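Enquirer: Here it is, the structure in full.
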Protein chains: 4
Amino acid sequence: MTETADSLAALTAEIREFARERDWEQFHDPKSLLLALVGEVGELAELFQWVPAADAVTAFADPERKQRAKDEIADVLTYLLRLADVLDIDIAEATAAKLEDSRIRFMPDAVRGIAPHID
Amino acid sequence: MTETADSLAALTAEIREFARERDWEQFHDPKSLLLALVGEVGELAELFQWVPAADAVTAFADPERKQRAKDEIADVLTYLLRLADVLDIDIAEATAAKLEDSRIRFMPDAVRGIAPHID
Amino acid sequence: MTETADSLAALTAEIREFARERDWEQFHDPKSLLLALVGEVGELAELFQWVPAADAVTAFADPERKQRAKDEIADVLTYLLRLADVLDIDIAEATAAKLEDSRIRFMPDAVRGIAPHID
Amino acid sequence: MTETADSLAALTAEIREFARERDWEQFHDPKSLLLALVGEVGELAELFQWVPAADAVTAFADPERKQRAKDEIADVLTYLLRLADVLDIDIAEATAAKLEDSRIRFMPDAVRGIAPHID
């Protein structure tokens with residue numbers, strides 16, 4: 001672990017280097033990375049599927065379960081950063097910009113306590 | 001956009017505050033956040049589904065398409081960070097640790113040019 | 001609607017013909033169909049994401065919501081049947097066989113009332 | 001395997017009975033079933049993720065790989081039928097109706113050879 005571990009750009013660069021050292025870049029077209037991302041989201045979903053919704057936070061405070069959730073969340077992030085990288089997308093900038101849009105689109109006084117519905 | 005936009009911890013805190021200001025924390029149990037994440041992964045998948053695999057990077061260099069991919073990737077990251085947050089998981093640390101494990105598990109000389117298969 | 005609407009083989013044949021008439025078979029490689037399936041699963045997930053788990057069945061008894069769930073479930077099935085078809089898989093036979101395996105793997109007296117956990 | 005294996009209604013009834021005999025109906029709220037479906041879609045995606053798109057049909061003609069695809073496709077269908085069942089949705093009728101809508105929405109002469117784009 002380095003000081004840069006909290007930086008999206010640094011993590012992205014580490015993952016790119018990991019792929020490069022193994023000559024795995026050839027497998028990393030966007031559609032394949034998307035399916036890999038779906039695979040990891042599926043593994044994450046399986047951890048939670050039968051846990052009662054109201055108990056999920058407490059159940060995953062258990063160290064063993066928490067470690068499994070950490071591993072799967074890490075795998076999802078890894079493929080998401082790799083996908084953004086091959087598409088030449090600055091994910092940190094994209095996320096900050098989207099959040100800024102959402103701040104305007106969902107003004108607190110208009111939506112307080114109301115789940116956004118799907119159009 | 002602030003200087004901290006590249007930090008996972010800072011983005012996580014901004015998203016938490018966004019939810020808090022709208023009193024949306026009540027909707028953010030892990031299973032609901034997972035379904036929201038799945039919804040955004042689905043929107044991302046729809047952008048790519050019919051694009052020939054070999055053309056995907058080029059097709060998404062088009063500014064309009066790239067913006068849509070940016071928006072959907074941002075949405076996936078937003079829900080992933082929110083999920084890690086409600087589970088009290090340090091996603092930057094988890095991802096760096098998983099990558100370190102993978103460096104040992106997949107030694108470059110053993111796996112070079114070979115796609116990891118599923119057991 | 002025909003008498004054959006309840007048959008998996010008949011639905012599969014109708015979907016194949018639908019694709020053939022539009023010359024869409026060229027887009028239906030397995031990875032593209034999988035991403036399309038993921039897109040529809042995402043749309044289904046979005047319908048349910050913020051509904052409290054305990055209220056979901058009641059909430060979707062509402063005719064308008066039920067219709068939306070019907071449409072999305074239909075879309076998921078359509079892509080799943082199409083995927084099985086291009087892989088030359090008899091989905092009815094595969095599902096009956098898997099269920100038979102599960103009947104033996106999960107004997108009622110051993111698992112009654114216990115959610116199967118993930119290994 | 002019975003004569004009724006090709007009927008969606010018969011498969012749905014078998015899966016319902018499978019759950020009832022194990023007292024697993026208590027776990028089968030829609031959001032939990034959706035996460036289980038996502039888990040199975042993820043397992044299916046993992047089978048295909050690193051296979052070149054153009055080779056996927058051929059690669060899965062291999063009996064061992066085909067069996068794995070059959071198993072995962074069966075699991076996806078099982079949870080989809082169970083979800084439709086708990087929502088009291090006739091999935092065969094819903095799918096035939098949606099297909100009928102699509103026949104009108106996408107007239108062959110208007111869309112021949114053109115992948116439907118996402119609005």
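The way I read the labels, and the way they are meant: chains A, B, ... in the order of the structure tokens, residue 1 as the first residue of every chain, and ligand 1 as the first ligand shown, with later ones counted on from there.
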Could you name the residues that touch Gln67 in chain D at 10 Å or less, counting only C-alpha atoms, but leaving out those on the same chain fewer than 6 positions away, as a ChimeraX atom specification?

Expert: /C:89,94 /D:60-61,73

Enquirer: Using only C-alpha atoms, what table do you get, as a Markdown table, when you list each residue of range 21-60 of chain A with an atom no more than 12 Å from range 11-35 of chain B, its nearest pair of atoms, and their distance in Å rounded to one decimal, rows by chain then rising number?

Expert:
```
| residue | atom | partner | partner_atom | distance |
| --- | --- | --- | --- | --- |
| A:Glu40 | CA | B:Leu34 | CA | 12.0 |
| A:Val41 | CA | B:Leu34 | CA | 8.4 |
| A:Gly42 | CA | B:Leu34 | CA | 9.9 |
| A:Glu43 | CA | B:Leu34 | CA | 11.3 |
| A:Leu44 | CA | B:Leu34 | CA | 8.3 |
| A:Ala45 | CA | B:Leu34 | CA | 6.9 |
| A:Glu46 | CA | B:Lys31 | CA | 10.6 |
| A:Leu47 | CA | B:Lys31 | CA | 10.1 |
| A:Phe48 | CA | B:Lys31 | CA | 6.7 |
| A:Gln49 | CA | B:Lys31 | CA | 7.7 |
| A:Trp50 | CA | B:Lys31 | CA | 9.8 |
| A:Val51 | CA | B:Lys31 | CA | 8.7 |
| A:Pro52 | CA | B:Lys31 | CA | 8.9 |
| A:Ala53 | CA | B:Lys31 | CA | 6.1 |
| A:Ala54 | CA | B:Asp29 | CA | 7.4 |
| A:Asp55 | CA | B:Asp29 | CA | 9.1 |
| A:Ala56 | CA | B:Pro30 | CA | 6.4 |
| A:Val57 | CA | B:Pro30 | CA | 7.0 |
| A:Thr58 | CA | B:Pro30 | CA | 10.6 |
| A:Ala59 | CA | B:Pro30 | CA | 10.8 |
| A:Phe60 | CA | B:Pro30 | CA | 9.7 |
```

Enquirer: Could you tell me how far CA of Glu72 in chain D lies from CA of Ala84 in chain D, in Å and to one decimal?

Expert: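 We find that CA of Glu72 in chain D and CA of Ala84 in chain D lie 18.5 Å from each other.
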
Enquirer: What does chain A look like once superposed on chain D, all Cα atoms paired in sequence order, least squares? Give it as an mmCIF file with C-alpha atoms, in the first residue's frame.

Expert:
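result.cif written:
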```cif
data_model
loop_
_atom_site.group_PDB
_atom_site.id
_atom_site.type_symbol
_atom_site.label_atom_id
_atom_site.label_comp_id
_atom_site.auth_asym_id
_atom_site.auth_seq_id
_atom_site.Cartn_x
_atom_site.Cartn_y
_atom_site.Cartn_z
ATOM 1 C CA MET A 1 -38.022 -34.962 -16.953
ATOM 2 C CA THR A 2 -41.681 -34.968 -17.751
ATOM 3 C CA GLU A 3 -43.702 -34.194 -20.853
ATOM 4 C CA THR A 4 -44.513 -30.827 -19.335
ATOM 5 C CA ALA A 5 -40.898 -29.669 -19.133
ATOM 6 C CA ASP A 6 -41.334 -27.329 -22.103
ATOM 7 C CA SER A 7 -44.191 -25.437 -20.470
ATOM 8 C CA LEU A 8 -43.371 -22.220 -18.599
ATOM 9 C CA ALA A 9 -46.378 -22.742 -16.338
ATOM 10 C CA ALA A 10 -45.301 -26.290 -15.486
ATOM 11 C CA LEU A 11 -41.689 -25.252 -14.774
ATOM 12 C CA THR A 12 -42.944 -22.383 -12.625
ATOM 13 C CA ALA A 13 -45.101 -24.776 -10.626
ATOM 14 C CA GLU A 14 -42.199 -27.204 -10.140
ATOM 15 C CA ILE A 15 -39.933 -24.396 -8.880
ATOM 16 C CA ARG A 16 -42.665 -23.157 -6.515
ATOM 17 C CA GLU A 17 -43.065 -26.661 -5.117
ATOM 18 C CA PHE A 18 -39.275 -26.991 -4.768
ATOM 19 C CA ALA A 19 -39.229 -23.817 -2.641
ATOM 20 C CA ARG A 20 -42.302 -24.853 -0.643
ATOM 21 C CA GLU A 21 -40.895 -28.273 0.275
ATOM 22 C CA ARG A 22 -37.792 -26.588 1.703
ATOM 23 C CA ASP A 23 -39.652 -23.742 3.421
ATOM 24 C CA TRP A 24 -37.630 -21.316 1.325
ATOM 25 C CA GLU A 25 -40.610 -19.164 0.310
ATOM 26 C CA GLN A 26 -39.743 -16.883 3.222
ATOM 27 C CA PHE A 27 -36.522 -15.839 1.441
ATOM 28 C CA HIS A 28 -38.204 -15.207 -1.895
ATOM 29 C CA ASP A 29 -39.211 -11.563 -1.737
ATOM 30 C CA PRO A 30 -38.736 -9.776 -5.096
ATOM 31 C CA LYS A 31 -35.575 -7.854 -4.173
ATOM 32 C CA SER A 32 -33.816 -10.962 -2.872
ATOM 33 C CA LEU A 33 -34.828 -12.950 -5.961
ATOM 34 C CA LEU A 34 -33.542 -10.116 -8.144
ATOM 35 C CA LEU A 35 -30.151 -10.233 -6.413
ATOM 36 C CA ALA A 36 -30.098 -14.018 -6.856
ATOM 37 C CA LEU A 37 -30.885 -13.518 -10.547
ATOM 38 C CA VAL A 38 -28.027 -10.997 -10.784
ATOM 39 C CA GLY A 39 -25.721 -13.548 -9.161
ATOM 40 C CA GLU A 40 -26.558 -16.137 -11.798
ATOM 41 C CA VAL A 41 -26.268 -13.629 -14.661
ATOM 42 C CA GLY A 42 -22.822 -12.831 -13.254
ATOM 43 C CA GLU A 43 -21.797 -16.487 -13.327
ATOM 44 C CA LEU A 44 -22.993 -16.724 -16.924
ATOM 45 C CA ALA A 45 -21.059 -13.563 -17.854
ATOM 46 C CA GLU A 46 -17.865 -14.968 -16.321
ATOM 47 C CA LEU A 47 -17.997 -17.953 -18.680
ATOM 48 C CA PHE A 48 -17.888 -15.655 -21.698
ATOM 49 C CA GLN A 49 -15.872 -12.642 -20.547
ATOM 50 C CA TRP A 50 -12.482 -13.399 -22.113
ATOM 51 C CA VAL A 51 -13.644 -15.434 -25.116
ATOM 52 C CA PRO A 52 -13.238 -13.415 -28.348
ATOM 53 C CA ALA A 53 -16.733 -12.372 -29.468
ATOM 54 C CA ALA A 54 -16.402 -14.031 -32.871
ATOM 55 C CA ASP A 55 -15.342 -17.375 -31.328
ATOM 56 C CA ALA A 56 -18.017 -17.636 -28.636
ATOM 57 C CA VAL A 57 -20.483 -19.909 -30.449
ATOM 58 C CA THR A 58 -17.731 -22.289 -31.525
ATOM 59 C CA ALA A 59 -16.022 -22.281 -28.119
ATOM 60 C CA PHE A 60 -19.280 -23.214 -26.408
ATOM 61 C CA ALA A 61 -19.928 -26.127 -28.764
ATOM 62 C CA ASP A 62 -17.326 -27.917 -26.616
ATOM 63 C CA PRO A 63 -19.404 -30.302 -24.424
ATOM 64 C CA GLU A 64 -17.893 -29.269 -21.089
ATOM 65 C CA ARG A 65 -18.254 -25.556 -21.753
ATOM 66 C CA LYS A 66 -21.744 -26.098 -23.153
ATOM 67 C CA GLN A 67 -22.779 -27.920 -19.985
ATOM 68 C CA ARG A 68 -21.581 -24.986 -17.875
ATOM 69 C CA ALA A 69 -23.500 -22.536 -20.029
ATOM 70 C CA LYS A 70 -26.586 -24.785 -19.753
ATOM 71 C CA ASP A 71 -26.305 -24.847 -15.969
ATOM 72 C CA GLU A 72 -26.007 -21.080 -15.657
ATOM 73 C CA ILE A 73 -28.760 -20.340 -18.183
ATOM 74 C CA ALA A 74 -30.986 -22.769 -16.265
ATOM 75 C CA ASP A 75 -30.211 -20.945 -13.001
ATOM 76 C CA VAL A 76 -31.087 -17.577 -14.543
ATOM 77 C CA LEU A 77 -34.387 -18.948 -15.871
ATOM 78 C CA THR A 78 -35.198 -20.565 -12.522
ATOM 79 C CA TYR A 79 -34.912 -17.283 -10.592
ATOM 80 C CA LEU A 80 -36.707 -15.354 -13.348
ATOM 81 C CA LEU A 81 -39.669 -17.765 -13.241
ATOM 82 C CA ARG A 82 -39.695 -17.639 -9.444
ATOM 83 C CA LEU A 83 -39.693 -13.825 -9.500
ATOM 84 C CA ALA A 84 -42.572 -13.717 -11.994
ATOM 85 C CA ASP A 85 -44.421 -16.225 -9.821
ATOM 86 C CA VAL A 86 -44.158 -14.240 -6.573
ATOM 87 C CA LEU A 87 -45.313 -11.145 -8.492
ATOM 88 C CA ASP A 88 -48.268 -13.133 -9.883
ATOM 89 C CA ILE A 89 -47.111 -12.445 -13.441
ATOM 90 C CA ASP A 90 -47.892 -14.865 -16.277
ATOM 91 C CA ILE A 91 -44.478 -14.735 -17.925
ATOM 92 C CA ALA A 92 -45.538 -16.609 -21.065
ATOM 93 C CA GLU A 93 -48.394 -14.187 -21.690
ATOM 94 C CA ALA A 94 -46.187 -11.187 -20.837
ATOM 95 C CA THR A 95 -43.479 -12.283 -23.263
ATOM 96 C CA ALA A 96 -45.864 -13.044 -26.110
ATOM 97 C CA ALA A 97 -47.528 -9.645 -25.589
ATOM 98 C CA LYS A 98 -44.194 -7.779 -25.536
ATOM 99 C CA LEU A 99 -43.095 -9.571 -28.692
ATOM 100 C CA GLU A 100 -46.332 -8.559 -30.366
ATOM 101 C CA ASP A 101 -45.660 -4.916 -29.392
ATOM 102 C CA SER A 102 -42.117 -5.157 -30.771
ATOM 103 C CA ARG A 103 -43.387 -6.528 -34.075
ATOM 104 C CA ILE A 104 -45.317 -3.274 -34.531
ATOM 105 C CA ARG A 105 -42.745 -0.956 -33.006
ATOM 106 C CA PHE A 106 -39.941 -2.323 -35.152
ATOM 107 C CA MET A 107 -41.443 -2.894 -38.595
ATOM 108 C CA PRO A 108 -39.089 -5.083 -40.645
ATOM 109 C CA ASP A 109 -38.818 -2.676 -43.585
ATOM 110 C CA ALA A 110 -37.860 0.214 -41.290
ATOM 111 C CA VAL A 111 -35.174 -1.519 -39.219
ATOM 112 C CA ARG A 112 -33.783 -4.277 -41.439
ATOM 113 C CA GLY A 113 -30.093 -4.762 -40.691
ATOM 114 C CA ILE A 114 -29.968 -1.792 -38.303
ATOM 115 C CA ALA A 115 -29.279 -2.432 -34.635
ATOM 116 C CA PRO A 116 -31.924 -0.718 -32.512
ATOM 117 C CA HIS A 117 -30.295 2.186 -30.742
ATOM 118 C CA ILE A 118 -30.896 3.250 -27.203
ATOM 119 C CA ASP A 119 -32.999 6.344 -26.682
#
```
